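**Q** My structure is stored as protein-v8.cif, with mmCIF, C-alpha atoms.
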data_input
loop_
_atom_site.label_atom_id
_atom_site.label_comp_id
_atom_site.auth_asym_id
_atom_site.auth_seq_id
_atom_site.Cartn_x
_atom_site.Cartn_y
_atom_site.Cartn_z
CA MET A 1 -194.04 58.14 38.99
CA ASN A 2 -193.40 55.17 41.26
CA GLY A 3 -196.69 53.50 42.22
CA GLN A 4 -195.55 52.65 45.76
CA LEU A 5 -194.70 54.44 48.99
CA THR A 6 -192.95 53.27 52.15
CA TYR A 7 -195.04 52.71 55.29
CA ALA A 8 -193.01 52.87 58.54
CA TYR A 9 -194.15 51.05 61.71
CA THR A 10 -191.47 51.39 64.34
CA VAL A 11 -187.84 52.21 65.10
CA LEU A 12 -185.61 49.62 66.76
CA ARG A 13 -182.10 48.24 67.03
CA PRO A 14 -181.52 45.76 64.22
CA SER A 15 -179.89 42.36 64.49
CA PRO A 16 -179.49 39.40 62.10
CA ALA A 17 -181.45 37.19 64.51
CA LEU A 18 -184.33 39.65 64.55
CA GLU A 19 -184.60 39.61 60.78
CA ARG A 20 -184.40 35.82 60.64
CA THR A 21 -187.02 35.21 63.34
CA ALA A 22 -189.33 38.10 64.20
CA LEU A 23 -189.76 39.30 60.61
CA ALA A 24 -190.17 35.88 59.07
CA GLY A 25 -193.63 35.73 57.58
CA VAL A 26 -194.79 39.04 59.09
CA ARG A 27 -197.19 40.98 56.85
CA GLY A 28 -198.02 44.63 57.23
CA VAL A 29 -200.82 46.77 55.87
CA VAL A 30 -202.21 45.58 52.53
CA GLY A 31 -200.50 42.24 53.24
CA ALA A 32 -197.03 43.36 52.17
CA PRO A 33 -193.92 41.75 53.72
CA VAL A 34 -192.15 43.78 56.42
CA THR A 35 -188.44 44.54 56.10
CA LEU A 36 -185.90 46.74 57.89
CA VAL A 37 -184.35 49.95 56.59
CA HIS A 38 -180.95 50.38 58.31
CA SER A 39 -179.05 53.50 59.28
CA GLY A 40 -176.18 53.26 61.74
CA ALA A 41 -177.25 51.71 65.04
CA VAL A 42 -180.99 51.90 64.34
CA ALA A 43 -183.48 50.65 61.79
CA ALA A 44 -187.12 51.11 60.88
CA ALA A 45 -189.59 48.34 60.13
CA VAL A 46 -191.30 49.18 56.84
CA SER A 47 -193.41 47.77 54.04
CA ALA A 48 -194.44 48.94 50.59
CA VAL A 49 -197.94 50.37 50.15
CA PRO A 50 -199.79 51.55 47.03
CA ARG A 51 -199.61 55.26 46.34
CA ASP A 52 -203.27 55.46 45.31
CA GLU A 53 -204.31 54.34 48.82
CA PHE A 54 -201.63 55.99 50.97
CA SER A 55 -200.85 59.30 49.31
CA GLU A 56 -201.57 62.33 51.46
CA ALA A 57 -204.84 62.99 49.64
CA ALA A 58 -205.91 59.35 49.86
CA LEU A 59 -205.11 59.17 53.58
CA LYS A 60 -207.41 62.10 54.31
CA VAL A 61 -210.23 59.97 52.92
CA GLY A 62 -209.03 56.67 54.42
CA LEU A 63 -208.71 58.01 57.95
CA GLU A 64 -212.41 58.96 57.84
CA ASP A 65 -213.40 55.44 56.74
CA LEU A 66 -213.91 53.37 59.91
CA GLU A 67 -213.58 50.03 58.12
CA TRP A 68 -210.33 51.08 56.42
CA LEU A 69 -209.06 52.62 59.63
CA GLU A 70 -209.72 49.50 61.69
CA ARG A 71 -208.13 47.20 59.12
CA THR A 72 -205.04 49.40 58.82
CA ALA A 73 -204.72 49.86 62.59
CA ARG A 74 -204.88 46.11 63.20
CA ALA A 75 -202.10 45.43 60.72
CA HIS A 76 -200.05 48.36 62.04
CA HIS A 77 -200.21 47.23 65.66
CA LEU A 78 -199.66 43.56 64.78
CA VAL A 79 -196.28 44.43 63.27
CA ILE A 80 -195.31 46.51 66.30
CA GLU A 81 -196.40 43.92 68.87
CA THR A 82 -194.68 41.10 66.94
CA LEU A 83 -191.39 42.97 67.01
CA ALA A 84 -191.90 44.14 70.61
CA ALA A 85 -191.94 40.49 71.70
CA HIS A 86 -188.31 40.26 70.57
CA THR A 87 -186.78 43.68 71.21
CA THR A 88 -187.42 47.25 72.41
CA VAL A 89 -189.37 49.28 69.86
CA LEU A 90 -190.37 52.90 69.36
CA PRO A 91 -193.82 52.73 67.75
CA LEU A 92 -194.55 55.25 65.03
CA ARG A 93 -197.97 56.77 64.56
CA LEU A 94 -200.57 55.10 62.42
CA ALA A 95 -200.17 55.92 58.71
CA THR A 96 -196.60 57.20 58.89
CA VAL A 97 -195.69 57.14 55.21
CA TYR A 98 -192.56 58.21 53.32
CA LEU A 99 -191.91 58.59 49.61
CA ASP A 100 -189.37 55.76 49.63
CA ASP A 101 -186.84 53.83 51.73
CA ASP A 102 -184.18 56.51 51.16
CA ARG A 103 -186.36 59.10 52.93
CA VAL A 104 -186.73 56.70 55.87
CA ARG A 105 -182.97 56.20 55.95
CA GLU A 106 -182.38 59.96 56.00
CA MET A 107 -184.84 60.37 58.90
CA LEU A 108 -183.07 57.67 60.89
CA SER A 109 -179.66 59.19 60.24
CA GLU A 110 -180.77 62.65 61.33
CA ARG A 111 -182.24 61.37 64.62
CA GLU A 112 -180.07 58.38 65.39
CA GLU A 113 -178.68 59.80 68.63
CA ALA A 114 -182.10 60.65 70.03
CA PHE A 115 -183.56 57.30 68.97
CA THR A 116 -180.69 55.43 70.60
CA ALA A 117 -181.12 57.32 73.88
CA LEU A 118 -184.85 56.57 73.92
CA LEU A 119 -184.28 52.89 73.15
CA ASP A 120 -181.82 52.75 76.07
CA ARG A 121 -184.37 54.32 78.42
CA LEU A 122 -187.20 51.98 77.42
CA ALA A 123 -185.15 48.76 77.29
CA ASP A 124 -186.71 45.94 79.37
CA HIS A 125 -189.79 48.01 80.19
CA LEU A 126 -193.41 47.29 79.31
CA GLU A 127 -196.51 49.44 79.07
CA TRP A 128 -199.62 48.50 81.07
CA GLY A 129 -203.02 50.10 80.75
CA VAL A 130 -205.09 50.70 83.90
CA LYS A 131 -208.70 51.84 83.59
CA VAL A 132 -211.05 52.52 86.50
CA TYR A 133 -214.78 52.16 85.89
CA ALA A 134 -217.74 53.26 88.01
CA GLU A 135 -220.87 51.16 87.60
CA PRO A 136 -223.70 53.15 89.27
CA PRO A 137 -227.14 51.50 89.38
CA PRO A 138 -229.72 52.31 86.69
CA PRO A 139 -232.38 54.91 87.46
CA PRO A 140 -235.50 53.49 89.13
CA SER A 141 -238.60 52.76 87.11
CA ALA A 142 -241.45 55.22 87.41
CA GLY A 143 -243.68 52.28 88.25
CA PRO A 144 -247.02 51.23 86.77
CA VAL A 145 -249.33 53.76 85.21
CA GLY A 146 -253.12 53.39 85.10
CA PRO A 147 -255.79 52.09 87.46
CA ALA A 148 -253.28 50.80 89.98
CA VAL A 149 -251.89 54.30 90.41
CA GLU A 150 -255.26 55.97 90.45
CA ALA A 151 -256.35 53.69 93.31
CA ASP A 152 -253.53 55.00 95.47
CA GLU A 153 -252.20 58.31 94.23
CA GLN A 154 -249.76 58.88 97.09
CA SER A 155 -248.00 55.59 97.76
CA PRO A 156 -246.60 54.97 94.26
CA GLY A 157 -245.24 58.53 94.11
CA ARG A 158 -243.60 58.28 97.51
CA THR A 159 -242.15 54.90 96.59
CA TYR A 160 -240.67 56.31 93.40
CA LEU A 161 -239.18 59.35 95.14
CA ARG A 162 -237.59 57.15 97.80
CA ALA A 163 -236.14 54.98 95.05
CA ARG A 164 -234.78 58.07 93.33
CA ARG A 165 -233.12 59.25 96.54
CA ARG A 166 -231.58 55.84 97.12
CA GLN A 167 -230.38 55.73 93.54
CA ARG A 168 -228.81 59.20 93.84
CA GLN A 169 -227.12 58.28 97.11
CA THR A 170 -225.82 55.02 95.67
CA ARG A 171 -224.49 56.85 92.63
CA GLU A 172 -222.64 59.35 94.84
CA ASP A 173 -221.22 56.49 96.90
CA THR A 174 -220.09 54.74 93.72
CA TRP A 175 -218.27 57.83 92.46
CA ARG A 176 -216.55 58.30 95.81
CA ALA A 177 -215.50 54.65 95.68
CA ALA A 178 -214.20 55.14 92.14
CA GLU A 179 -212.12 58.12 93.28
CA GLU A 180 -210.70 55.95 96.05
CA ALA A 181 -209.85 53.23 93.50
CA VAL A 182 -207.97 55.80 91.41
CA ARG A 183 -205.99 56.86 94.49
CA ARG A 184 -205.23 53.23 95.23
CA THR A 185 -203.92 52.55 91.73
CA GLU A 186 -201.65 55.56 91.97
CA THR A 187 -200.38 54.49 95.39
CA GLN A 188 -199.88 50.86 94.42
CA ALA A 189 -197.92 51.86 91.31
CA ARG A 190 -195.29 53.68 93.36
CA GLY A 191 -192.05 51.78 93.54
CA LEU A 192 -193.03 49.67 90.52
CA ALA A 193 -193.84 51.97 87.61
CA VAL A 194 -191.18 54.43 86.47
CA GLU A 195 -193.55 56.66 84.47
CA ARG A 196 -197.26 57.29 84.09
CA ALA A 197 -199.19 58.77 81.17
CA ARG A 198 -202.71 60.08 81.69
CA HIS A 199 -205.15 59.58 78.83
CA ARG A 200 -208.62 60.99 78.37
CA PRO A 201 -211.30 58.67 79.79
CA GLN A 202 -213.02 56.72 77.04
CA GLN A 203 -216.57 57.68 76.19
CA GLY A 204 -219.09 57.01 73.46
CA ASN A 205 -218.07 54.44 70.85
CA LEU A 206 -214.64 54.05 72.45
CA ALA A 207 -216.17 52.80 75.70
CA ARG A 208 -217.18 49.30 74.63
CA VAL A 209 -217.45 47.84 78.13
CA PRO A 210 -219.95 48.40 80.97
CA GLY A 211 -219.57 51.29 83.37
CA GLU A 212 -218.27 54.85 83.15
CA ASN A 213 -214.55 55.22 82.57
CA VAL A 214 -213.24 57.64 85.22
CA ALA A 215 -209.50 57.06 84.80
CA ASN A 216 -207.48 55.86 81.82
CA ASP A 217 -203.78 55.65 82.61
CA ALA A 218 -200.73 53.97 81.13
CA TYR A 219 -197.75 52.91 83.23
CA LEU A 220 -194.20 52.09 82.19
CA VAL A 221 -193.04 49.13 84.28
CA PRO A 222 -189.74 47.23 84.35
CA ARG A 223 -190.25 43.77 82.89
CA HIS A 224 -189.21 41.96 86.08
CA LEU A 225 -191.86 43.84 88.11
CA ALA A 226 -194.71 43.23 85.66
CA ASP A 227 -196.40 40.38 87.55
CA GLU A 228 -196.43 42.27 90.85
CA PHE A 229 -197.73 45.42 89.16
CA ARG A 230 -200.59 43.57 87.48
CA SER A 231 -201.55 41.83 90.70
CA ARG A 232 -201.63 45.09 92.66
CA MET A 233 -203.79 46.82 90.07
CA LEU A 234 -206.27 43.95 89.87
CA HIS A 235 -206.85 44.21 93.62
CA ALA A 236 -207.09 48.00 93.75
CA ALA A 237 -210.90 47.94 93.81
CA ASP A 238 -211.23 45.24 96.47
CA GLY A 239 -214.00 46.16 98.92
CA LEU A 240 -215.26 49.02 96.74
CA PRO A 241 -218.77 48.16 95.48
CA GLY A 242 -219.74 49.41 92.04
CA VAL A 243 -216.11 49.90 90.94
CA ARG A 244 -214.00 47.88 88.52
CA VAL A 245 -210.32 48.14 87.56
CA ASP A 246 -209.33 46.73 84.16
CA VAL A 247 -205.68 46.00 83.43
CA THR A 248 -204.44 45.52 79.87
CA GLY A 249 -201.03 44.64 78.51
CA PRO A 250 -198.20 44.20 78.35
CA TRP A 251 -197.84 46.45 75.33
CA ALA A 252 -195.06 48.09 73.42
CA PRO A 253 -194.38 51.50 75.05
CA TYR A 254 -196.79 53.48 72.85
CA SER A 255 -197.45 56.14 75.48
CA PHE A 256 -193.78 56.71 76.31
CA ALA A 257 -191.97 56.50 72.96
CA THR A 258 -192.16 60.22 72.29
CA LEU A 259 -190.14 60.51 69.13
CA PRO A 260 -187.98 63.58 68.48
CA ALA A 261 -189.61 64.25 65.11
CA PRO A 262 -191.07 67.72 64.67
CA ASP A 263 -192.76 66.57 61.44
CA GLU A 264 -194.14 63.36 62.96
CA ARG A 265 -197.71 63.79 61.80
CA GLY A 266 -199.59 60.56 61.28
CA GLY A 267 -201.41 60.67 57.97
CA ALA A 268 -198.96 62.81 55.97
CA VAL A 269 -196.46 61.61 53.37
CA ARG A 270 -192.89 62.67 54.16
CA GLN A 271 -191.20 64.21 51.16
#
Turn the structure described in the file into structure tokens.
**A**
Amino acid sequence: MNGQLTYAYTVLRPSPALERTALAGVRGVVGAPVTLVHSGAVAAAVSAVPRDEFSEAALKVGLEDLEWLERTARAHHLVIETLAAHTTVLPLRLATVYLDDDRVREMLSEREEAFTALLDRLADHLEWGVKVYAEPPPPPSAGPVGPAVEADEQSPGRTYLRARRRQRQTREDTWRAAEEAVRRTETQARGLAVERARHRPQQGNLARVPGENVANDAYLVPRHLADEFRSRMLHAADGLPGVRVDVTGPWAPYSFATLPAPDERGGAVRQ
């Protein structure tokens, strides 16, 4: 049995210039060179990967290994973003693996018309991420405990309760301001963005920055309007204390490249 499988990163329109420039020196997961598999008007960027690490059984283990997952995701997205700097791409899910190049070619042939239509729709458009964060103040300290409190049992308690009320009021004000910032981002995007994708707010280990993520949206923006869009979003929280708007991008259109593949399940080997 062949010891290698084919890892697919993205679908795009091929060109000789693309292969000479964008793919020159690009390495994918496990450090393998990236090439194109052609079929009609479209192609897929692929690289060879070892079967013992990327078989369906091995992927079930690998996708639970955070170190492996991070390393693979970095390589996966590097290939996509490198190609996206040169042409329109349709990113495939992480760990999209086929038995060989022929299976990739068959997939492209079966869906060429749909891929071409999607590439036409996304041409000259970029994805921008817009996240709104609320940064309410920390809860007040309960104050000193011991002789100082015993000397005046009432005043420290009243002081603490007043601080709690102020903190609760400030927190409510912050959340109202965050809701206003979300409305502003939506309003400011009109006339610039052609599509919006809502994502679940990031929490826990995914939220690696200060504040509470209250909105996590992606916008598809024509390339020539990108600067104006970014500027509008960065000013959406002006005058709103305790609120921050983070703008990321431009990215390949991950949130909008919905591929017409009923079996498009990241982490499974296509037969």
**Q** Which is closest to Glu110 in chain A among A:Gly249, A:Gly40, A:Pro201, A:Pro50, if we use only C-alpha atoms?
**A**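 Looking only at the distances to Glu110 in chain A, the closest residue turns out to be A:Gly40.
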**Q** What are the closest atom pairs, with distances in Å to one decimal, for each residue of range 190-261 of chain A lying within 7 Å of range 126-137 of chain A, using only C-alpha atoms, rows by chain and rising residue number, as a Markdown table?
**A**
| residue | atom | partner | partner_atom | distance |
| --- | --- | --- | --- | --- |
| A:Gly211 | CA | A:Glu135 | CA | 4.4 |
| A:Glu212 | CA | A:Ala134 | CA | 5.1 |
| A:Asn213 | CA | A:Tyr133 | CA | 4.5 |
| A:Val214 | CA | A:Val132 | CA | 5.7 |
| A:Ala215 | CA | A:Val132 | CA | 5.1 |
| A:Asn216 | CA | A:Lys131 | CA | 4.6 |
| A:Asp217 | CA | A:Val130 | CA | 5.3 |
| A:Ala218 | CA | A:Gly129 | CA | 4.5 |
| A:Tyr219 | CA | A:Trp128 | CA | 5.3 |
| A:Leu220 | CA | A:Glu127 | CA | 4.7 |
| A:Val221 | CA | A:Leu126 | CA | 5.3 |
| A:Pro222 | CA | A:Leu126 | CA | 6.2 |
| A:Arg223 | CA | A:Leu126 | CA | 5.9 |
| A:Gly242 | CA | A:Glu135 | CA | 4.9 |
| A:Val243 | CA | A:Ala134 | CA | 4.7 |
| A:Arg244 | CA | A:Tyr133 | CA | 5.1 |
| A:Val245 | CA | A:Val132 | CA | 4.6 |
| A:Asp246 | CA | A:Lys131 | CA | 5.2 |
| A:Val247 | CA | A:Val130 | CA | 4.8 |
| A:Thr248 | CA | A:Gly129 | CA | 4.9 |
| A:Gly249 | CA | A:Trp128 | CA | 4.8 |
| A:Pro250 | CA | A:Trp128 | CA | 5.3 |
| A:Trp251 | CA | A:Glu127 | CA | 5.0 |
| A:Ala252 | CA | A:Glu127 | CA | 6.0 |
| A:Pro253 | CA | A:Glu127 | CA | 5.0 |
**Q** Rounded to one decimal place, report the CA of Gly28 in chain A-CA of Ala75 in chain A distance in Å.
**A** 5.4 Å
**Q** Within 10 Å of Glu228 in chain A, counting only C-alpha atoms, which residues show up once you throw out same-chain ones fewer than 3 positions away? Write them as a list in words, please.
**A**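 Close residues of Glu228 in chain A: Gln188, Ala189, Leu192, His224, Leu225, Ser231, Arg232 and Met233 of chain A.
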**Q** Could you write those residues out with C-alpha atoms, as a compact mmCIF listing (two decimals), in the frame of the given file?
**A**
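Result file again.txt:
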# COMPACT_ATOMS: atom_id res chain seq x y z
CA GLN A 188 -199.88 50.86 94.42
CA ALA A 189 -197.92 51.86 91.31
CA LEU A 192 -193.03 49.67 90.52
CA HIS A 224 -189.21 41.96 86.08
CA LEU A 225 -191.86 43.84 88.11
CA SER A 231 -201.55 41.83 90.70
CA ARG A 232 -201.63 45.09 92.66
CA MET A 233 -203.79 46.82 90.07
**Q** In Å, how far is it from CA of Glu106 in chain A to CA of Asp124 in chain A?
**A** 27.6 Å
**Q** Out of A:Glu56, A:Asp100, A:Glu112, A:Glu64, which residue has the shortest atom-to-atom distance to Ala43 in chain A when counting all atoms listed in the file?
**A**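 Closest to Ala43 in chain A of all the choices is A:Glu112.
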**Q** Name the residues captured by the PyMOL selection byres ((chain A and resi 80) around 12) when it is applied to the shown file; answer as a compact mmCIF listing (two decimals) with C-alpha atoms, in the coordinates of the input.
**A**
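Result file is expr29.txt:
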# COMPACT_ATOMS: atom_id res chain seq x y z
CA ALA A 8 -193.01 52.87 58.54
CA TYR A 9 -194.15 51.05 61.71
CA THR A 10 -191.47 51.39 64.34
CA VAL A 11 -187.84 52.21 65.10
CA LEU A 12 -185.61 49.62 66.76
CA ALA A 22 -189.33 38.10 64.20
CA LEU A 23 -189.76 39.30 60.61
CA VAL A 26 -194.79 39.04 59.09
CA ARG A 27 -197.19 40.98 56.85
CA GLY A 28 -198.02 44.63 57.23
CA VAL A 29 -200.82 46.77 55.87
CA VAL A 34 -192.15 43.78 56.42
CA ALA A 44 -187.12 51.11 60.88
CA ALA A 45 -189.59 48.34 60.13
CA VAL A 46 -191.30 49.18 56.84
CA ALA A 73 -204.72 49.86 62.59
CA ARG A 74 -204.88 46.11 63.20
CA ALA A 75 -202.10 45.43 60.72
CA HIS A 76 -200.05 48.36 62.04
CA HIS A 77 -200.21 47.23 65.66
CA LEU A 78 -199.66 43.56 64.78
CA VAL A 79 -196.28 44.43 63.27
CA GLU A 81 -196.40 43.92 68.87
CA THR A 82 -194.68 41.10 66.94
CA LEU A 83 -191.39 42.97 67.01
CA ALA A 84 -191.90 44.14 70.61
CA ALA A 85 -191.94 40.49 71.70
CA HIS A 86 -188.31 40.26 70.57
CA THR A 87 -186.78 43.68 71.21
CA THR A 88 -187.42 47.25 72.41
CA VAL A 89 -189.37 49.28 69.86
CA LEU A 90 -190.37 52.90 69.36
CA PRO A 91 -193.82 52.73 67.75
CA LEU A 92 -194.55 55.25 65.03
CA ARG A 93 -197.97 56.77 64.56
CA LEU A 94 -200.57 55.10 62.42
CA TRP A 251 -197.84 46.45 75.33
CA ALA A 252 -195.06 48.09 73.42
CA PRO A 253 -194.38 51.50 75.05
CA TYR A 254 -196.79 53.48 72.85
**Q** Expressed in Å to a single decimal, how great is the separation between CA of Ala32 in chain A and CA of Ala257 in chain A?
**A** 25.1 Å
**Q** Could you check the closest approach to Leu5 in chain A for each of A:Ser47, A:Thr21, A:Thr35, A:Thr116 and tell me which residue wins, using only C-alpha atoms?
**A**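 Counting only C-alpha atoms, the residue closest to Leu5 in chain A is A:Ser47.
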**Q** What's the 10 Å shell around Arg190 in chain A, counting all atoms listed in the file, without same-chain residues fewer than 5 positions away, as a list of chain:residue names?
**A**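 Within the cut-off, the hits are A:Thr185, A:Glu195, A:Phe229.
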**Q** How about saving the chosen residues, C-alpha atoms kept, as an mmCIF file, in the frame of the given file?
**A**
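Output saved as selection39.cif:
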data_model
loop_
_atom_site.group_PDB
_atom_site.id
_atom_site.type_symbol
_atom_site.label_atom_id
_atom_site.label_comp_id
_atom_site.auth_asym_id
_atom_site.auth_seq_id
_atom_site.Cartn_x
_atom_site.Cartn_y
_atom_site.Cartn_z
ATOM 1 C CA THR A 185 -203.920 52.550 91.730
ATOM 2 C CA GLU A 195 -193.550 56.660 84.470
ATOM 3 C CA PHE A 229 -197.730 45.420 89.160
#
**Q** For each of A:Ala123, A:Ala95, A:Val49, A:Leu118, take the minimum atom-to-atom distance to Leu69 in chain A, counting all atoms listed in the file, then give the residue where this is smallest.
**A**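 Among the listed residues, A:Ala95 lies closest to Leu69 in chain A.
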**Q** Counting all atoms listed in the file, which of A:Asn2, A:Ala17, A:Thr72, A:Val61 gets nearest to Gly31 in chain A?
**A**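 That would be A:Thr72, the residue with the smallest distance to Gly31 in chain A.
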